file model.cif (mmCIF, C-alpha atoms and all ligand atoms)
data_work
#
loop_
_atom_site.label_atom_id
_atom_site.label_comp_id
_atom_site.auth_asym_id
_atom_site.auth_seq_id
_atom_site.Cartn_x
_atom_site.Cartn_y
_atom_site.Cartn_z
CA MET A 1 -1.64 -6.44 168.50
CA GLN A 2 -3.98 -4.80 170.95
CA HIS A 3 -7.62 -4.88 170.07
CA LEU A 4 -9.48 -6.50 172.91
CA THR A 5 -12.02 -4.23 174.50
CA GLN A 6 -14.38 -5.20 177.23
CA SER A 7 -17.51 -5.52 175.15
CA ARG A 8 -16.01 -6.52 171.86
CA ARG A 9 -14.88 -10.10 171.39
CA PHE A 10 -13.48 -11.90 168.41
CA PRO A 11 -14.60 -15.31 167.23
CA LEU A 12 -12.22 -18.12 168.08
CA SER A 13 -9.94 -19.19 165.24
CA GLN A 14 -11.05 -22.04 163.07
CA HIS A 15 -9.01 -25.24 163.17
CA THR A 16 -9.17 -28.45 161.18
CA ILE A 17 -11.76 -30.98 162.27
CA GLY A 18 -8.95 -33.53 161.86
CA PRO A 19 -9.20 -37.24 161.13
CA PHE A 20 -10.77 -38.29 164.43
CA PHE A 21 -14.22 -36.71 164.41
CA PRO A 22 -16.16 -39.40 166.30
CA ALA A 23 -17.56 -41.95 163.86
CA ASP A 24 -20.49 -42.71 166.14
CA TYR A 25 -21.68 -39.11 165.87
CA PHE A 26 -23.01 -40.19 162.47
CA LEU A 27 -26.35 -41.89 162.74
CA PRO A 28 -28.47 -43.25 159.92
CA GLY A 29 -30.70 -40.44 158.74
CA ASP A 30 -28.35 -37.59 159.66
CA ASN A 31 -28.02 -36.89 155.93
CA ASP A 32 -31.82 -36.77 155.56
CA LEU A 33 -32.96 -33.14 155.76
CA THR A 34 -36.64 -34.01 155.54
CA ARG A 35 -36.98 -35.15 159.18
CA VAL A 36 -36.65 -32.92 162.22
CA SER A 37 -35.47 -35.94 164.22
CA ALA A 38 -34.69 -39.59 163.59
CA ASP A 39 -38.10 -40.71 164.88
CA ALA A 40 -40.14 -37.97 163.17
CA ALA A 41 -42.08 -38.52 159.95
CA PRO A 42 -40.56 -36.85 156.88
CA THR A 43 -42.18 -33.72 155.52
CA THR A 44 -44.91 -34.27 152.96
CA LYS A 45 -44.29 -30.93 151.24
CA GLY A 46 -42.04 -30.48 148.24
CA ASP A 47 -40.33 -32.64 145.64
CA PRO A 48 -37.88 -35.14 147.14
CA PHE A 49 -34.41 -35.45 145.66
CA THR A 50 -31.11 -37.09 146.42
CA LEU A 51 -27.73 -35.49 145.94
CA THR A 52 -24.74 -37.75 145.50
CA GLY A 53 -21.14 -37.09 144.65
CA ILE A 54 -17.49 -37.49 145.48
CA VAL A 55 -15.11 -35.30 147.46
CA ARG A 56 -11.65 -35.07 145.91
CA LYS A 57 -8.39 -33.36 146.76
CA GLU A 58 -5.41 -32.31 144.69
CA GLY A 59 -4.69 -34.78 141.91
CA ARG A 60 -8.40 -35.74 141.95
CA GLU A 61 -7.80 -38.30 144.65
CA PRO A 62 -10.87 -39.13 146.73
CA VAL A 63 -11.10 -37.77 150.28
CA ALA A 64 -12.38 -40.24 152.83
CA ASN A 65 -13.82 -39.06 156.11
CA ALA A 66 -14.82 -35.58 154.91
CA ILE A 67 -17.74 -34.08 156.79
CA LEU A 68 -20.36 -32.21 154.79
CA GLU A 69 -23.20 -30.15 156.20
CA LEU A 70 -26.09 -28.95 154.09
CA TRP A 71 -28.47 -26.11 154.94
CA GLN A 72 -31.39 -24.97 152.79
CA ALA A 73 -34.84 -23.38 152.73
CA ASP A 74 -38.04 -25.44 152.77
CA SER A 75 -40.09 -26.10 149.64
CA SER A 76 -41.68 -22.64 149.89
CA GLY A 77 -38.36 -20.84 150.31
CA ARG A 78 -38.75 -20.21 154.06
CA PHE A 79 -36.63 -20.91 157.12
CA ARG A 80 -37.87 -21.84 160.59
CA HIS A 81 -35.58 -19.19 162.11
CA PRO A 82 -36.19 -15.71 163.59
CA GLU A 83 -34.21 -14.19 160.71
CA ASP A 84 -37.01 -15.14 158.31
CA PRO A 85 -39.95 -12.67 158.44
CA GLU A 86 -42.23 -15.55 157.46
CA ALA A 87 -40.73 -18.09 159.81
CA ASP A 88 -44.18 -18.84 161.21
CA LYS A 89 -45.23 -20.09 157.76
CA ALA A 90 -42.19 -22.35 157.38
CA ASP A 91 -42.76 -26.10 157.16
CA PRO A 92 -42.69 -27.38 160.78
CA ASP A 93 -41.86 -30.92 159.61
CA PHE A 94 -38.79 -29.96 157.60
CA LEU A 95 -35.39 -29.58 159.28
CA GLY A 96 -33.41 -28.24 156.32
CA TRP A 97 -30.13 -29.39 157.85
CA GLY A 98 -28.18 -32.58 157.37
CA ARG A 99 -24.73 -33.98 157.83
CA ALA A 100 -23.00 -36.53 155.61
CA TRP A 101 -19.69 -38.31 155.76
CA SER A 102 -17.60 -39.33 152.77
CA GLU A 103 -16.67 -43.01 152.53
CA GLY A 104 -13.34 -44.48 151.48
CA ASP A 105 -14.07 -43.72 147.83
CA GLY A 106 -14.99 -40.12 148.70
CA ALA A 107 -18.71 -40.71 148.10
CA TYR A 108 -21.38 -38.83 150.04
CA SER A 109 -25.14 -38.45 149.73
CA PHE A 110 -27.98 -36.27 151.00
CA HIS A 111 -31.74 -36.64 150.84
CA SER A 112 -34.03 -33.61 150.89
CA VAL A 113 -36.80 -31.75 149.08
CA VAL A 114 -36.20 -29.11 146.43
CA PRO A 115 -36.06 -25.72 148.20
CA GLY A 116 -38.10 -22.78 147.02
CA GLY A 117 -36.46 -19.54 145.95
CA TYR A 118 -37.22 -16.31 147.80
CA ASP A 119 -37.13 -12.55 147.41
CA GLU A 120 -34.96 -10.44 149.64
CA ASN A 121 -33.93 -6.79 149.41
CA GLY A 122 -35.28 -6.52 145.88
CA GLN A 123 -33.33 -9.51 144.68
CA HIS A 124 -34.36 -13.06 144.02
CA ARG A 125 -32.49 -16.05 145.40
CA ALA A 126 -32.73 -19.05 143.09
CA PRO A 127 -33.35 -22.42 144.81
CA HIS A 128 -30.00 -23.38 146.27
CA LEU A 129 -28.13 -25.53 148.80
CA ASN A 130 -25.47 -24.14 151.12
CA ILE A 131 -22.81 -26.73 151.85
CA LEU A 132 -19.95 -26.69 154.34
CA VAL A 133 -17.04 -29.08 153.84
CA MET A 134 -14.77 -30.01 156.75
CA GLY A 135 -11.97 -32.53 156.95
CA ILE A 136 -8.38 -33.38 157.56
CA GLY A 137 -6.03 -30.77 156.11
CA LEU A 138 -8.82 -28.20 155.84
CA MET A 139 -7.92 -25.62 158.46
CA ARG A 140 -11.01 -23.56 157.67
CA ILE A 141 -14.48 -24.72 156.73
CA ALA A 142 -14.90 -24.64 152.94
CA GLU A 143 -18.23 -23.00 152.08
CA THR A 144 -20.09 -23.12 148.82
CA THR A 145 -23.57 -22.93 147.29
CA LEU A 146 -25.04 -25.39 144.81
CA PHE A 147 -27.75 -24.61 142.27
CA PHE A 148 -30.30 -26.71 140.38
CA PRO A 149 -30.04 -27.22 136.62
CA ASP A 150 -33.85 -26.81 136.43
CA PHE A 151 -33.88 -23.04 137.03
CA PRO A 152 -31.49 -21.43 134.51
CA GLU A 153 -33.20 -18.01 134.54
CA GLU A 154 -33.34 -17.77 138.33
CA ASN A 155 -29.74 -18.97 138.54
CA ALA A 156 -28.64 -16.25 136.12
CA ALA A 157 -30.10 -13.57 138.40
CA ASP A 158 -28.98 -15.08 141.73
CA PRO A 159 -26.95 -12.57 143.78
CA VAL A 160 -24.60 -15.25 145.12
CA LEU A 161 -23.95 -17.12 141.88
CA SER A 162 -23.41 -13.74 140.19
CA VAL A 163 -20.43 -13.10 142.46
CA LEU A 164 -18.43 -15.64 140.46
CA PRO A 165 -16.76 -14.77 137.15
CA GLU A 166 -19.16 -15.77 134.41
CA ASP A 167 -17.08 -18.67 133.12
CA LEU A 168 -17.07 -20.39 136.53
CA ARG A 169 -20.80 -20.13 137.31
CA HIS A 170 -21.72 -23.39 135.60
CA MET A 171 -19.41 -25.17 138.05
CA LEU A 172 -21.84 -24.67 140.93
CA VAL A 173 -24.83 -26.10 139.04
CA MET A 174 -25.51 -29.71 139.97
CA ARG A 175 -25.70 -32.48 137.35
CA ASP A 176 -29.16 -33.78 136.51
CA ASN A 177 -28.94 -37.52 137.06
CA GLY A 178 -32.58 -38.08 136.11
CA MET A 179 -34.79 -40.37 138.16
CA VAL A 180 -33.09 -43.02 140.29
CA ASP A 181 -35.42 -45.52 142.01
CA GLY A 182 -38.29 -43.12 141.40
CA VAL A 183 -36.55 -40.17 143.09
CA ARG A 184 -35.12 -37.12 141.38
CA SER A 185 -31.35 -37.33 141.52
CA TYR A 186 -28.60 -34.74 141.26
CA GLY A 187 -24.84 -35.06 141.29
CA PHE A 188 -22.01 -32.83 142.46
CA ASP A 189 -18.32 -33.64 142.90
CA PHE A 190 -16.10 -31.41 145.01
CA LEU A 191 -12.51 -30.76 144.04
CA LEU A 192 -10.96 -29.09 147.10
CA ARG A 193 -7.75 -28.09 145.34
CA GLY A 194 -6.91 -27.83 141.68
CA PRO A 195 -6.41 -25.39 138.84
CA ARG A 196 -8.85 -22.61 138.04
CA GLY A 197 -11.82 -24.05 136.21
CA GLU A 198 -11.43 -27.38 138.00
CA GLU A 199 -11.25 -26.53 141.71
CA THR A 200 -14.74 -26.07 143.15
CA PRO A 201 -15.44 -22.36 143.63
CA PHE A 202 -15.66 -21.61 147.36
CA PHE A 203 -16.99 -18.55 149.13
CA GLU A 204 -16.04 -16.34 152.00
CA THR A 205 -18.94 -14.78 153.85
CA MET B 1 -39.95 -8.40 166.10
CA ARG B 2 -36.25 -8.12 166.77
CA ASN B 3 -33.79 -5.91 165.00
CA THR B 4 -32.93 -7.79 161.86
CA LEU B 5 -29.97 -5.58 161.07
CA SER B 6 -28.13 -6.49 164.25
CA LEU B 7 -28.55 -10.17 163.50
CA ARG B 8 -27.06 -9.64 160.09
CA SER B 9 -23.90 -8.17 161.47
CA TYR B 10 -21.04 -10.43 160.51
CA ASP B 11 -17.75 -8.61 160.51
CA PRO B 12 -14.98 -9.95 158.33
CA TRP B 13 -12.52 -12.17 160.21
CA PRO B 14 -9.95 -9.89 161.85
CA GLU B 15 -6.38 -10.09 160.59
CA GLY B 16 -4.44 -12.96 162.13
CA VAL B 17 -7.39 -14.72 163.73
CA GLN B 18 -7.86 -17.28 160.99
CA PRO B 19 -5.09 -19.86 160.59
CA SER B 20 -2.65 -19.09 157.83
CA VAL B 21 -2.72 -21.90 155.25
CA PRO B 22 -1.25 -24.16 153.97
CA ILE B 23 0.93 -25.14 156.95
CA GLU B 24 4.57 -26.22 156.69
CA GLY B 25 4.89 -29.74 158.11
CA TYR B 26 1.16 -30.48 157.89
CA THR B 27 1.18 -32.21 154.53
CA ASN B 28 -2.58 -32.60 154.15
CA THR B 29 -3.04 -28.84 154.11
CA TRP B 30 -1.05 -28.78 150.83
CA THR B 31 -3.46 -31.11 149.07
CA HIS B 32 -6.80 -30.21 150.67
CA THR B 33 -6.73 -26.41 151.02
CA PRO B 34 -8.46 -24.55 148.19
CA SER B 35 -5.85 -22.70 146.13
CA GLN B 36 -8.14 -20.39 144.17
CA THR B 37 -9.68 -17.08 145.21
CA LEU B 38 -12.43 -17.30 147.80
CA TYR B 39 -15.31 -15.30 146.39
CA GLN B 40 -16.97 -12.79 148.70
CA ARG B 41 -20.58 -13.89 149.14
CA PRO B 42 -23.30 -11.50 150.39
CA VAL B 43 -25.11 -12.45 153.60
CA THR B 44 -28.58 -13.42 152.50
CA ARG B 45 -31.25 -15.18 154.52
CA THR B 46 -29.73 -18.61 153.89
CA GLU B 47 -26.38 -17.63 155.37
CA ALA B 48 -27.97 -15.80 158.32
CA THR B 49 -30.17 -18.71 159.38
CA GLY B 50 -29.64 -22.18 160.74
CA PRO B 51 -31.64 -25.17 161.93
CA ALA B 52 -34.13 -24.78 164.77
CA ASN B 53 -34.03 -27.23 167.67
CA LEU B 54 -31.12 -29.16 166.21
CA TRP B 55 -30.83 -31.05 169.50
CA ARG B 56 -33.82 -33.07 168.37
CA LYS B 57 -31.74 -34.41 165.50
CA LEU B 58 -28.32 -34.49 167.17
CA LYS B 59 -28.98 -36.20 170.46
CA CYS B 60 -27.20 -34.53 173.34
CA GLY B 61 -26.03 -36.80 176.08
CA ASP B 62 -24.04 -37.16 179.19
CA SER B 63 -21.40 -34.55 179.94
CA ASN B 64 -19.38 -37.05 181.96
CA LEU B 65 -16.70 -38.48 179.67
CA ALA B 66 -14.50 -39.62 182.54
CA GLN B 67 -16.66 -42.51 183.69
CA THR B 68 -18.34 -45.40 181.93
CA SER B 69 -22.00 -46.17 182.51
CA THR B 70 -20.91 -48.71 185.11
CA GLY B 71 -19.01 -46.04 187.00
CA LYS B 72 -15.45 -47.05 186.09
CA PHE B 73 -13.06 -44.13 185.79
CA ALA B 74 -10.83 -43.44 182.80
CA GLN B 75 -7.07 -43.23 183.40
CA GLY B 76 -5.68 -39.74 183.75
CA LEU B 77 -6.07 -36.44 185.51
CA LEU B 78 -9.71 -35.72 186.13
CA MET B 79 -10.72 -32.26 185.04
CA GLN B 80 -13.79 -30.26 184.37
CA VAL B 81 -13.93 -27.99 181.33
CA SER B 82 -16.66 -25.43 181.42
CA GLY B 83 -17.42 -22.08 179.92
CA ARG B 84 -19.93 -20.19 177.88
CA VAL B 85 -20.83 -20.01 174.22
CA LEU B 86 -20.94 -16.30 173.37
CA ASP B 87 -21.43 -14.04 170.39
CA GLU B 88 -19.03 -11.23 169.46
CA ASP B 89 -20.93 -8.85 171.73
CA GLY B 90 -20.40 -11.21 174.64
CA ARG B 91 -24.03 -12.26 174.78
CA PRO B 92 -24.71 -15.87 175.74
CA ILE B 93 -25.88 -18.25 173.02
CA PRO B 94 -28.31 -20.78 174.45
CA ASN B 95 -29.13 -24.06 172.70
CA ALA B 96 -25.86 -24.26 170.82
CA ILE B 97 -24.76 -27.82 170.11
CA VAL B 98 -21.29 -28.36 171.55
CA GLU B 99 -19.45 -31.45 170.30
CA LEU B 100 -16.11 -32.32 171.85
CA TRP B 101 -13.57 -35.09 171.25
CA GLN B 102 -10.09 -35.76 172.52
CA ALA B 103 -7.30 -38.29 172.91
CA ASN B 104 -6.94 -40.36 176.07
CA ALA B 105 -4.23 -39.74 178.66
CA ALA B 106 -1.71 -41.60 176.47
CA GLY B 107 -2.50 -39.41 173.47
CA ARG B 108 -4.54 -41.97 171.58
CA TYR B 109 -8.04 -41.55 170.17
CA THR B 110 -10.68 -44.23 170.41
CA HIS B 111 -11.14 -44.12 166.65
CA ALA B 112 -10.56 -46.74 163.96
CA LEU B 113 -8.23 -44.35 162.13
CA ASP B 114 -5.89 -43.90 165.09
CA GLN B 115 -3.58 -46.92 164.83
CA ARG B 116 -0.69 -45.46 166.80
CA GLU B 117 1.15 -47.74 169.23
CA ALA B 118 -0.13 -46.19 172.42
CA PRO B 119 -2.52 -47.82 174.87
CA LEU B 120 -6.25 -47.53 174.46
CA ASP B 121 -8.26 -47.02 177.61
CA PRO B 122 -11.31 -49.31 177.76
CA ASN B 123 -12.98 -46.85 180.12
CA PHE B 124 -12.52 -43.81 177.91
CA LEU B 125 -14.44 -43.15 174.73
CA GLY B 126 -13.30 -39.54 174.60
CA HIS B 127 -16.21 -37.68 173.12
CA GLY B 128 -19.47 -36.07 174.07
CA ARG B 129 -22.18 -33.71 172.90
CA VAL B 130 -24.14 -31.26 175.01
CA ARG B 131 -26.49 -28.34 174.47
CA SER B 132 -25.60 -24.95 175.94
CA ASP B 133 -28.01 -23.81 178.65
CA GLU B 134 -30.00 -20.57 178.84
CA ASN B 135 -26.85 -18.70 179.92
CA GLY B 136 -24.82 -20.19 177.09
CA GLY B 137 -23.09 -22.43 179.61
CA TYR B 138 -21.59 -25.82 178.86
CA SER B 139 -19.53 -28.20 180.96
CA PHE B 140 -17.74 -31.56 180.61
CA LEU B 141 -16.08 -33.81 183.15
CA THR B 142 -13.21 -35.57 181.43
CA ILE B 143 -9.51 -36.38 181.77
CA LYS B 144 -6.59 -34.37 180.54
CA PRO B 145 -5.65 -35.56 177.04
CA GLY B 146 -2.09 -36.63 176.24
CA ALA B 147 0.10 -35.22 173.49
CA TYR B 148 0.66 -37.21 170.30
CA PRO B 149 3.17 -37.11 167.46
CA VAL B 150 2.43 -36.08 163.90
CA PRO B 151 3.97 -38.80 161.75
CA VAL B 152 5.93 -36.73 159.25
CA LYS B 153 9.63 -36.71 158.46
CA ASP B 154 10.27 -33.55 160.43
CA THR B 155 8.39 -34.78 163.52
CA TRP B 156 6.31 -32.49 165.64
CA TRP B 157 3.88 -33.24 168.43
CA ARG B 158 0.39 -32.02 168.98
CA PRO B 159 0.17 -30.56 172.48
CA PRO B 160 -2.70 -31.75 174.66
CA HIS B 161 -5.85 -30.31 173.09
CA ILE B 162 -9.58 -30.81 172.89
CA HIS B 163 -11.45 -30.58 169.59
CA PHE B 164 -14.66 -28.55 169.57
CA SER B 165 -17.40 -28.45 166.97
CA VAL B 166 -20.10 -25.89 167.75
CA LEU B 167 -23.38 -25.41 165.90
CA GLY B 168 -24.79 -22.03 166.80
CA PRO B 169 -27.73 -19.95 165.60
CA SER B 170 -26.71 -19.63 161.95
CA SER B 171 -24.54 -21.38 159.43
CA LEU B 172 -22.18 -18.40 159.57
CA SER B 173 -21.58 -19.02 163.24
CA ARG B 174 -20.56 -22.65 162.65
CA LEU B 175 -17.22 -23.15 164.38
CA VAL B 176 -14.70 -25.99 164.43
CA THR B 177 -11.79 -25.21 166.72
CA GLN B 178 -9.43 -26.65 169.34
CA MET B 179 -8.74 -25.80 172.97
CA TYR B 180 -5.24 -25.89 174.47
CA PHE B 181 -3.83 -25.96 178.00
CA PRO B 182 -1.92 -23.11 179.62
CA GLY B 183 1.80 -23.50 180.09
CA ASP B 184 2.43 -26.52 177.91
CA PRO B 185 5.82 -26.17 176.18
CA LEU B 186 4.49 -28.03 173.13
CA ASN B 187 2.09 -25.14 172.47
CA GLU B 188 5.01 -23.06 171.15
CA TRP B 189 5.98 -25.76 168.67
CA ASP B 190 2.53 -26.77 167.49
CA ARG B 191 2.25 -26.02 163.79
CA ILE B 192 -1.52 -25.85 164.02
CA LEU B 193 -1.76 -23.46 166.98
CA GLN B 194 1.08 -21.35 165.61
CA SER B 195 -0.67 -21.03 162.23
CA VAL B 196 -2.86 -18.46 163.99
CA GLY B 197 -0.82 -15.31 163.49
CA ASP B 198 -2.27 -13.02 166.14
CA ALA B 199 -0.92 -13.61 169.67
CA GLY B 200 -4.19 -12.53 171.25
CA ALA B 201 -6.12 -14.92 169.03
CA ARG B 202 -3.82 -17.78 170.02
CA GLN B 203 -4.27 -16.88 173.68
CA ARG B 204 -8.03 -17.14 173.30
CA LEU B 205 -7.60 -20.78 172.25
CA ILE B 206 -5.89 -21.57 175.55
CA ALA B 207 -8.15 -22.44 178.47
CA LYS B 208 -7.76 -20.74 181.83
CA GLN B 209 -6.95 -22.96 184.77
CA LEU B 210 -9.16 -22.28 187.77
CA HIS B 211 -7.69 -21.87 191.22
CA PRO B 212 -7.83 -25.22 193.01
CA ALA B 213 -9.43 -23.53 196.01
CA ASP B 214 -12.39 -22.70 193.79
CA VAL B 215 -12.64 -26.19 192.37
CA GLY B 216 -11.95 -28.60 195.21
CA VAL B 217 -10.34 -32.00 195.55
CA ASP B 218 -12.39 -34.00 193.04
CA HIS B 219 -10.84 -32.71 189.83
CA LEU B 220 -8.95 -29.85 188.22
CA GLY B 221 -10.96 -27.06 186.66
CA PHE B 222 -10.54 -25.21 183.39
CA HIS B 223 -12.60 -22.35 182.00
CA HIS B 224 -12.97 -21.83 178.28
CA ASP B 225 -15.37 -19.47 176.54
CA ILE B 226 -16.26 -20.19 172.95
CA VAL B 227 -16.96 -17.08 170.88
CA LEU B 228 -18.91 -17.61 167.66
CA ARG B 229 -19.08 -15.24 164.70
CA GLY B 230 -21.74 -12.57 164.58
CA ARG B 231 -22.59 -9.67 166.82
CA SER B 232 -25.82 -10.22 168.69
CA ALA B 233 -25.92 -13.55 166.98
CA THR B 234 -28.50 -14.88 169.36
CA PRO B 235 -31.92 -15.01 167.76
CA GLU B 236 -34.66 -13.92 170.13
CA ALA B 237 -36.85 -16.83 169.21
FE FE A 301 -6.37 -34.00 167.84
#
call {"tool": "encode", "arguments": {"input": "model.cif", "output": "C-alpha cells"}}
result
Amino acid sequence: MQHLTQSRRFPLSQHTIGPFFPADYFLPGDNDLTRVSADAAPTTKGDPFTLTGIVRKEGREPVANAILELWQADSSGRFRHPEDPEADKADPDFLGWGRAWSEGDGAYSFHSVVPGGYDENGQHRAPHLNILVMGIGLMRIAETTLFFPDFPEENAADPVLSVLPEDLRHMLVMRDNGMVDGVRSYGFDFLLRGPRGEETPFFET
Amino acid sequence: MRNTLSLRSYDPWPEGVQPSVPIEGYTNTWTHTPSQTLYQRPVTRTEATGPANLWRKLKCGDSNLAQTSTGKFAQGLLMQVSGRVLDEDGRPIPNAIVELWQANAAGRYTHALDQREAPLDPNFLGHGRVRSDENGGYSFLTIKPGAYPVPVKDTWWRPPHIHFSVLGPSSLSRLVTQMYFPGDPLNEWDRILQSVGDAGARQRLIAKQLHPADVGVDHLGFHHDIVLRGRSATPEA
C-alpha cells in the first residue's frame, strides 16, 4: 500500500503493554485523581468517591496486572486543557487523571470526586468517567465510559451512552455501594471477553 | 483562542495500521480481546482532552538506562535511541510523557513476573520515563535488548524490541506500542509485529540506524519518531 505523503503521517500501531510494565512505575497515590502531584493537597471541591472492582477475562477469570487509566472532568464539568473553552475556570487543584493496577485477584481501585456534567454542541454530557484498560493479551487499548447511578435522566440523554443498543446501556452504569468508611463508593467489574450482555461494552473513538 | 476544529480532528485508524486480533500463537489474545462490537463513540470534550502537566504526577527521571547511579555499565551494546513525538501533521508534541521498558542483553526483564532462566544484570533495570522537550524530542541511552522466547507449544521468539507508553495531549492520543530493530531476521517471524497488516505501518515500528560517522565511538545510534493520533494534536496552551 502506498499512502505516505510528506506532510501526512499515520499514528504508530498499537501493541500490547505486555506483562512487564515496570512495577515501580506505580506509586502510592497514582490512582488518586484529586491530587495534581503526590505532594500536593487534594482538591477541596466536589464530592469524593471511590471506585472499586475486578477485571476479568474470558471464563470470568480475574486478570492480574491490568493497567487502568481514568480521565474525567472536575466537579464543575470542566477540564484544565485548551480544548475546554472554560479551562481557566477549571479546578487548579484537581488532576482528573489516575492510573491503577489490578492485583492478583483482579481488584483495582480509584479515588476521585464526582465530575460535573457539561453542555457541548447542544447536547448534555452526563457525569462520566472515561477508562482505558491495558494488559497482557490486549493488543489495543480497551476504551469505555462509566456512568453514575445517581443521574438516570442525564444518563438517558447522554450522547455517548446513547450509542449503545438500549438493552446494553445499564451495563455501563456503576453499582452504588453506599457509604464505605464515610466515603461514597461505587463498583464496576470489567469483563474483557464474553457473550453479548456480559462482556463490558467497549468503544472505538 | 486556537482553532478548536483542528484539535478535534481524529481520523479513523487507517486500514492495516492496527494489529489484527486475536493472534494465532499468542494465547492471551484469545481470552482477553473483546469479542463484541466496538461501538463508535463521538469525540466530545472528555475524549479530546487530557491531563495538564502530568509530569508533576508521573516523575520523569534520568534518560540514562545503561549506567547505575554509581556509574557501572550494564552488559550489552550501548546505544542511544532518540526521536520526536509528533502528531499526524508532523508537528512536534512537547511535554508528552514517554515511558520505555525493555529486556536486558540476555532477553530477560528485571520484573518479578519474568522467571525465565536467563541471567539478570544487576546493573540494568531496563526502564525509564522522560518528558518530550519543546521540539517533541526524546532520547535514551540504553543497551540493545536481547530476544526472548514465547513459551507456547509452537515456540516463537520475540525479536529485540523496546516497549513504549506515551501520554500525549489527549486521551485519544494515548499510545502503547513497541519499537523494533532494522534487519533482525526474527522480525519476520514475530507474531506481534506481523499482526500489523500494512507493510508501511510495520516499517514505521522499526527504528532507523544512524550512520556511525554521525554518532561516534561511544555508542550506536537509532532514530525513532513516535506519531500519536490526531492532526494538529498539540494544544497551544
Ligand atoms: Fe517485551
call {"tool": "residues_around", "arguments": {"input": "model.cif", "residues": "Ser132 in chain B", "least_positions_apart": "6", "cutoff": "6 Å", "atoms": "all atoms listed in the file", "output": "ChimeraX atom specification"}}
result
/B:94-96,138
call {"tool": "closest_atom_pairs", "arguments": {"input": "model.cif", "of": "chain A", "to": "ligand FE 301 (chain A)", "cutoff": "8 Å", "atoms": "all atoms listed in the file", "output": "JSON lines"}}
result
{"residue": "A:Gly18", "atom": "CA", "partner": "A:FE301", "partner_atom": "FE", "distance": 6.5}
{"residue": "A:Pro19", "atom": "CA", "partner": "A:FE301", "partner_atom": "FE", "distance": 8.0}
{"residue": "A:Phe20", "atom": "CA", "partner": "A:FE301", "partner_atom": "FE", "distance": 7.0}
call {"tool": "residues_around", "arguments": {"input": "model.cif", "residues": "Glu120 in chain A", "least_positions_apart": "6", "cutoff": "12 Å", "atoms": "all atoms listed in the file", "output": "MDAnalysis selection string"}}
result
(chainID A and resid 77:78 83:86 126 158:159) or (chainID B and resid 42:46)
call {"tool": "residues_around", "arguments": {"input": "model.cif", "residues": "Thr70 in chain B", "least_positions_apart": "4", "cutoff": "12 Å", "atoms": "only C-alpha atoms", "output": "ChimeraX atom specification"}}
result
/B:66,74,123
call {"tool": "interface_residues", "arguments": {"input": "model.cif", "of": "chain A", "to": "chain B", "cutoff": "6 Å", "atoms": "all atoms listed in the file", "output": "tab-separated table (two decimals) with C-alpha atoms, in the coordinates of the input"}}
result
chain	number	residue	atom	x	y	z
A	7	SER	CA	-17.51	-5.52	175.15
A	8	ARG	CA	-16.01	-6.52	171.86
A	9	ARG	CA	-14.88	-10.10	171.39
A	10	PHE	CA	-13.48	-11.90	168.41
A	11	PRO	CA	-14.60	-15.31	167.23
A	12	LEU	CA	-12.22	-18.12	168.08
A	13	SER	CA	-9.94	-19.19	165.24
A	14	GLN	CA	-11.05	-22.04	163.07
A	15	HIS	CA	-9.01	-25.24	163.17
A	37	SER	CA	-35.47	-35.94	164.22
A	57	LYS	CA	-8.39	-33.36	146.76
A	58	GLU	CA	-5.41	-32.31	144.69
A	82	PRO	CA	-36.19	-15.71	163.59
A	137	GLY	CA	-6.03	-30.77	156.11
A	138	LEU	CA	-8.82	-28.20	155.84
A	160	VAL	CA	-24.60	-15.25	145.12
A	192	LEU	CA	-10.96	-29.09	147.10
A	193	ARG	CA	-7.75	-28.09	145.34
A	202	PHE	CA	-15.66	-21.61	147.36
A	203	PHE	CA	-16.99	-18.55	149.13
A	204	GLU	CA	-16.04	-16.34	152.00
A	205	THR	CA	-18.94	-14.78	153.85
call {"tool": "residues_around", "arguments": {"input": "model.cif", "residues": "Asp105 in chain A", "least_positions_apart": "3", "cutoff": "8 Å", "atoms": "only C-alpha atoms", "output": "count of residues only"}}
result
5
call {"tool": "atom_distance", "arguments": {"input": "model.cif", "atom1": "CA of Ser82 in chain B", "atom2": "CA of Leu141 in chain B"}}
result
8.6 Å
call {"tool": "atom_distance", "arguments": {"input": "model.cif", "atom1": "CA of Phe190 in chain A", "atom2": "CA of Leu129 in chain A"}}
result
13.9 Å
call {"tool": "closest_residue", "arguments": {"input": "model.cif", "among": "A:Val55, A:Ala73, A:Ile17, A:Ala157", "to": "Thr34 in chain A", "atoms": "all atoms listed in the file"}}
result
A:Ala73
call {"tool": "residues_around", "arguments": {"input": "model.cif", "residues": "range 165-180 of chain A", "least_positions_apart": "6", "cutoff": "7 Å", "atoms": "only C-alpha atoms", "output": "ChimeraX atom specification"}}
result
/A:145-149,186-188,197,200
call {"tool": "atom_distance", "arguments": {"input": "model.cif", "atom1": "CA of Arg35 in chain A", "atom2": "CA of Gly96 in chain A"}}
result
8.3 Å
call {"tool": "axis_aligned_box", "arguments": {"input": "model.cif", "around": "range 174-190 of chain B", "padding_each_side": "8 Å", "output": "AutoDock Vina command-line options"}}
result
--center_x -7.3 --center_y -25.3 --center_z 171.4 --size_x 42.5 --size_y 21.4 --size_z 33.4
call {"tool": "closest_residue", "arguments": {"input": "model.cif", "among": "B:Gln80, B:Ser9, B:Gln115, B:Gln194", "to": "Val217 in chain B", "atoms": "all atoms listed in the file"}}
result
B:Gln80
call {"tool": "closest_residue", "arguments": {"input": "model.cif", "among": "A:Ala107, A:Ala90, A:Val163, A:Leu70", "to": "Asp32 in chain A", "atoms": "all atoms listed in the file"}}
result
A:Leu70
